[in-house]
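Note sheet for the following structure.
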Amino acid sequence: MTLNEKVTMKDLLSEGLYILMQQKPFEKITIKQICDKTGVIRGTFYNHFMDKYEALEYLIHRMFYKGIEHESNPQIIKHIFQTVSDDRDFFKSCYRITGQNGFEDLMSNVFKEIFRNVFSYLDVSRLDSRFTVDFLVDYYANDLLYFLKYWISRNFEPDVETYYAKIDILFKNSIKELNIRYMDKS
Amino acid sequence: MLIFGILCICLSLDVFVCALEQGASIRNIRFSKALVYGLIFALCSSGMFLLGHGMSTYIFGRPLATLNKYVAIFVFLILGNGMIIYSFKRGKFVERLQEFDTKQIIKLALIGGLDCFFVGVGCYYMNLPYLMESLVLFLIVLAGYMIHFYIGYYNGARYQKVYYFLCGVVYLFMSLSLIFKLIRL
């Protein structure tokens, strides 16, 4: 069974938000509109989410994991790029959400959770004692956030396969292993 | 009489904004909850108004009686400007679940009642019937709070900036009308 097969009230509410985001900017969407779209009352929304930002975070999390069997699957990163590429307009509009509850902060939280899941799948017993899993999770989440933003700003060029292949190399190799050497300028 | 009525509504407008936002932030709405919160806001607003009036009567009033309308003009001018500036500078309200307790509501009601206090001070110098004013204020705040609490829950919080702007304009209008009255005299 994939993660998205069991439809819950949270899913319905986030679907409502998704439909509304196709019609108007996120800032203009109210909880009443989400409730009307889903056919529930305000209390039901608050039983599942604190605010619309939390609903958006859930929606994105759900989109990224759609069709993924295990939360710890390292293939998730490629899947993220594919999902963003498939729903370009939606993610472009998401990046317009700035300010205190900006989209980048939200994505950072989503990515941290994803990397935490990925790290739980990896064997970290022989990890260098100077690094902690939390540190690495932060590091890779912010890297991924940057790569994604850069890609969107470049209008999704190059295609998913080529771009992911590049990122995969960067994720899996250190500077030393990329054949970068100090130049003797003298 | 007109000034009396306008003043009551004007003093309640910021409470209405509070009610809208609180209504939009609660999980479940109950009549008893709306009534209790409304009573707290109504008591604080009319109480602060009476306090302001009492202070100007017994502390500042007699020795400063010659200043009479100047104080009222000053109070309305400051409040009017403050409200208009606040209506532009106010950030966008984000509907977010909040659990209010009575202590928090009293704190918010006291903060919201500050303008009532200052208007109470100004009101002494305008020779308005203060007891009647505070009673009408109590009733308007109570009824208005409950109505706006329900509106906030069912329709969400909107137009807060308009409320503040309107409030500021009315205060400014009152100060200007007092200035004109003073010049004519």
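Each chain in the structure tokens gets a letter, A, B and so on, in the order shown; residues start at 1 in every chain, and ligands are counted from 1 in the order they appear.
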Counting only C-alpha atoms, which residues of chain B fall within 8 Å of chain A, and what is the closest atom pair for each with its distance in Å at one decimal, ordered by chain and rising number, as a tab-separated table?
```
residue	atom	partner	partner_atom	distance
B:Ile26	CA	A:Gly43	CA	7.4
B:Arg27	CA	A:Gly43	CA	4.3
B:Asn28	CA	A:Gly43	CA	5.5
B:Val94	CA	A:Asp51	CA	7.8
B:Glu95	CA	A:Asp51	CA	6.2
B:Arg96	CA	A:Asp51	CA	4.7
B:Leu97	CA	A:Met50	CA	5.0
B:Tyr153	CA	A:Arg42	CA	7.2
B:Tyr154	CA	A:Lys32	CA	7.3
B:Asn155	CA	A:Lys32	CA	6.2
B:Gly156	CA	A:Lys32	CA	6.2
```
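All residues of protein, DNA or RNA that reach within 12 Å of Lys28 of chain A, judged by only C-alpha atoms and not counting those fewer than 6 positions away in the chain, are Leu17, Leu20, Met21, Gln22, Ile34, Lys52 and Ile97 of chain A; Lys92, Phe93, Val94, Glu95 and Arg158 of chain B.
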Could you save those same residues with all heavy atoms as an mmCIF file, in the first residue's frame?
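And here is the file that came out, part23.cif:
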```cif
data_model
loop_
_atom_site.group_PDB
_atom_site.id
_atom_site.type_symbol
_atom_site.label_atom_id
_atom_site.label_comp_id
_atom_site.auth_asym_id
_atom_site.auth_seq_id
_atom_site.Cartn_x
_atom_site.Cartn_y
_atom_site.Cartn_z
ATOM 1 N N LEU A 17 -7.326 23.239 -0.483
ATOM 2 C CA LEU A 17 -6.347 24.322 -0.570
ATOM 3 C C LEU A 17 -5.657 24.320 -1.931
ATOM 4 O O LEU A 17 -5.446 25.373 -2.547
ATOM 5 C CB LEU A 17 -5.315 24.175 0.562
ATOM 6 C CG LEU A 17 -4.161 25.152 0.560
ATOM 7 C CD1 LEU A 17 -4.644 26.582 0.770
ATOM 8 C CD2 LEU A 17 -3.145 24.815 1.651
ATOM 9 N N LEU A 20 -7.906 25.778 -4.556
ATOM 10 C CA LEU A 20 -8.008 27.237 -4.391
ATOM 11 C C LEU A 20 -6.748 27.952 -4.871
ATOM 12 O O LEU A 20 -6.808 29.049 -5.422
ATOM 13 C CB LEU A 20 -8.280 27.588 -2.920
ATOM 14 C CG LEU A 20 -9.700 27.318 -2.426
ATOM 15 C CD1 LEU A 20 -9.770 27.385 -0.915
ATOM 16 C CD2 LEU A 20 -10.674 28.332 -3.024
ATOM 17 N N MET A 21 -5.598 27.283 -4.651
ATOM 18 C CA MET A 21 -4.332 27.907 -5.076
ATOM 19 C C MET A 21 -4.194 27.994 -6.592
ATOM 20 O O MET A 21 -3.368 28.748 -7.090
ATOM 21 C CB MET A 21 -3.135 27.169 -4.462
ATOM 22 C CG MET A 21 -2.929 27.561 -3.000
ATOM 23 S SD MET A 21 -1.535 26.726 -2.261
ATOM 24 C CE MET A 21 -0.166 27.589 -3.005
ATOM 25 N N GLN A 22 -4.980 27.221 -7.304
ATOM 26 C CA GLN A 22 -4.977 27.320 -8.765
ATOM 27 C C GLN A 22 -5.766 28.561 -9.208
ATOM 28 O O GLN A 22 -5.615 29.037 -10.321
ATOM 29 C CB GLN A 22 -5.659 26.105 -9.424
ATOM 30 C CG GLN A 22 -5.328 24.779 -8.813
ATOM 31 C CD GLN A 22 -4.077 24.168 -9.398
ATOM 32 O OE1 GLN A 22 -3.708 24.475 -10.515
ATOM 33 N NE2 GLN A 22 -3.405 23.329 -8.638
ATOM 34 N N ILE A 34 -11.395 27.505 2.366
ATOM 35 C CA ILE A 34 -10.946 26.101 2.366
ATOM 36 C C ILE A 34 -12.074 25.212 2.900
ATOM 37 O O ILE A 34 -12.367 24.148 2.357
ATOM 38 C CB ILE A 34 -9.659 25.926 3.217
ATOM 39 C CG1 ILE A 34 -8.530 26.811 2.679
ATOM 40 C CG2 ILE A 34 -9.228 24.461 3.246
ATOM 41 C CD1 ILE A 34 -7.307 26.872 3.566
ATOM 42 N N LYS A 52 -3.485 27.898 7.700
ATOM 43 C CA LYS A 52 -3.390 27.468 6.296
ATOM 44 C C LYS A 52 -1.959 27.110 5.904
ATOM 45 O O LYS A 52 -1.731 26.331 4.983
ATOM 46 C CB LYS A 52 -3.966 28.533 5.362
ATOM 47 C CG LYS A 52 -3.278 29.869 5.409
ATOM 48 C CD LYS A 52 -3.891 30.853 4.427
ATOM 49 C CE LYS A 52 -3.213 32.191 4.486
ATOM 50 N NZ LYS A 52 -3.700 33.150 3.524
ATOM 51 N N ILE A 97 5.169 33.047 -1.908
ATOM 52 C CA ILE A 97 4.764 33.238 -0.505
ATOM 53 C C ILE A 97 6.012 33.610 0.289
ATOM 54 O O ILE A 97 6.906 32.790 0.474
ATOM 55 C CB ILE A 97 4.124 31.962 0.081
ATOM 56 C CG1 ILE A 97 2.974 31.482 -0.804
ATOM 57 C CG2 ILE A 97 3.644 32.194 1.508
ATOM 58 C CD1 ILE A 97 2.484 30.087 -0.472
ATOM 59 N N LYS B 92 -0.984 41.982 8.108
ATOM 60 C CA LYS B 92 -2.146 41.159 7.738
ATOM 61 C C LYS B 92 -2.418 40.133 8.838
ATOM 62 O O LYS B 92 -1.489 39.506 9.351
ATOM 63 C CB LYS B 92 -1.846 40.461 6.411
ATOM 64 C CG LYS B 92 -3.099 40.071 5.682
ATOM 65 C CD LYS B 92 -2.764 39.472 4.345
ATOM 66 C CE LYS B 92 -4.005 39.111 3.552
ATOM 67 N NZ LYS B 92 -4.979 38.297 4.244
ATOM 68 N N PHE B 93 -3.663 40.013 9.199
ATOM 69 C CA PHE B 93 -4.039 39.051 10.241
ATOM 70 C C PHE B 93 -4.026 37.634 9.660
ATOM 71 O O PHE B 93 -4.581 37.392 8.592
ATOM 72 C CB PHE B 93 -5.431 39.398 10.774
ATOM 73 C CG PHE B 93 -6.017 38.354 11.681
ATOM 74 C CD1 PHE B 93 -5.492 38.159 12.945
ATOM 75 C CD2 PHE B 93 -7.069 37.562 11.267
ATOM 76 C CE1 PHE B 93 -6.020 37.185 13.780
ATOM 77 C CE2 PHE B 93 -7.602 36.587 12.088
ATOM 78 C CZ PHE B 93 -7.079 36.400 13.355
ATOM 79 N N VAL B 94 -3.366 36.727 10.368
ATOM 80 C CA VAL B 94 -3.334 35.334 9.920
ATOM 81 C C VAL B 94 -4.275 34.523 10.810
ATOM 82 O O VAL B 94 -4.116 34.508 12.032
ATOM 83 C CB VAL B 94 -1.895 34.756 9.998
ATOM 84 C CG1 VAL B 94 -1.890 33.287 9.611
ATOM 85 C CG2 VAL B 94 -0.960 35.541 9.107
ATOM 86 N N GLU B 95 -5.246 33.890 10.175
ATOM 87 C CA GLU B 95 -6.184 33.059 10.946
ATOM 88 C C GLU B 95 -5.426 31.836 11.469
ATOM 89 O O GLU B 95 -4.933 31.040 10.667
ATOM 90 C CB GLU B 95 -7.339 32.618 10.055
ATOM 91 C CG GLU B 95 -8.241 33.760 9.641
ATOM 92 C CD GLU B 95 -9.303 33.321 8.656
ATOM 93 O OE1 GLU B 95 -8.927 32.804 7.595
ATOM 94 O OE2 GLU B 95 -10.479 33.500 8.936
ATOM 95 N N ARG B 158 -12.237 39.955 8.451
ATOM 96 C CA ARG B 158 -11.925 40.830 7.308
ATOM 97 C C ARG B 158 -12.274 42.268 7.686
ATOM 98 O O ARG B 158 -13.011 42.510 8.633
ATOM 99 C CB ARG B 158 -12.732 40.400 6.084
ATOM 100 C CG ARG B 158 -12.181 39.146 5.450
ATOM 101 C CD ARG B 158 -12.867 38.871 4.142
ATOM 102 N NE ARG B 158 -14.271 38.523 4.334
ATOM 103 C CZ ARG B 158 -15.103 38.299 3.328
ATOM 104 N NH1 ARG B 158 -14.697 38.422 2.097
ATOM 105 N NH2 ARG B 158 -16.362 37.978 3.559
#
```
- Message: Among segment 72-155 of chain A, which residues does DSSP mark as helix (DSSP H, G or I) when it is run on the backbone? Keep the chain and numbering as in the structure and answer as JSON, numbers by chain.
- Response: {"A": [76, 77, 78, 79, 80, 81, 82, 83, 84, 85, 86, 88, 89, 90, 91, 92, 93, 94, 103, 104, 105, 106, 107, 108, 109, 110, 111, 112, 113, 114, 115, 116, 117, 118, 119, 120, 121, 133, 134, 135, 136, 137, 138, 139, 140, 141, 142, 143, 144, 145, 146, 147, 148, 149, 150, 151, 152, 153]}
- Tell me which protein, DNA and RNA residues are within 10 Å of Phe81 of chain A, counting only C-alpha atoms, leaving out same-chain ones fewer than 5 positions away, and put them as a count of residues only. 13
- Pairwise distance, atom CA of Ser125 of chain A with atom CA of Ala141 of chain A, equals 20.9 Å
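You can rank B:Val141, B:Val169, B:Ala24, B:Cys44 by their closest distance to Ser12 of chain B using only C-alpha atoms, and at the top of that list sits B:Val141.
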- For Cys123 of chain B, which residue among B:Gly54, B:Gly80, B:Gly23, B:Gly47 is the nearest when counting only C-alpha atoms? B:Gly54
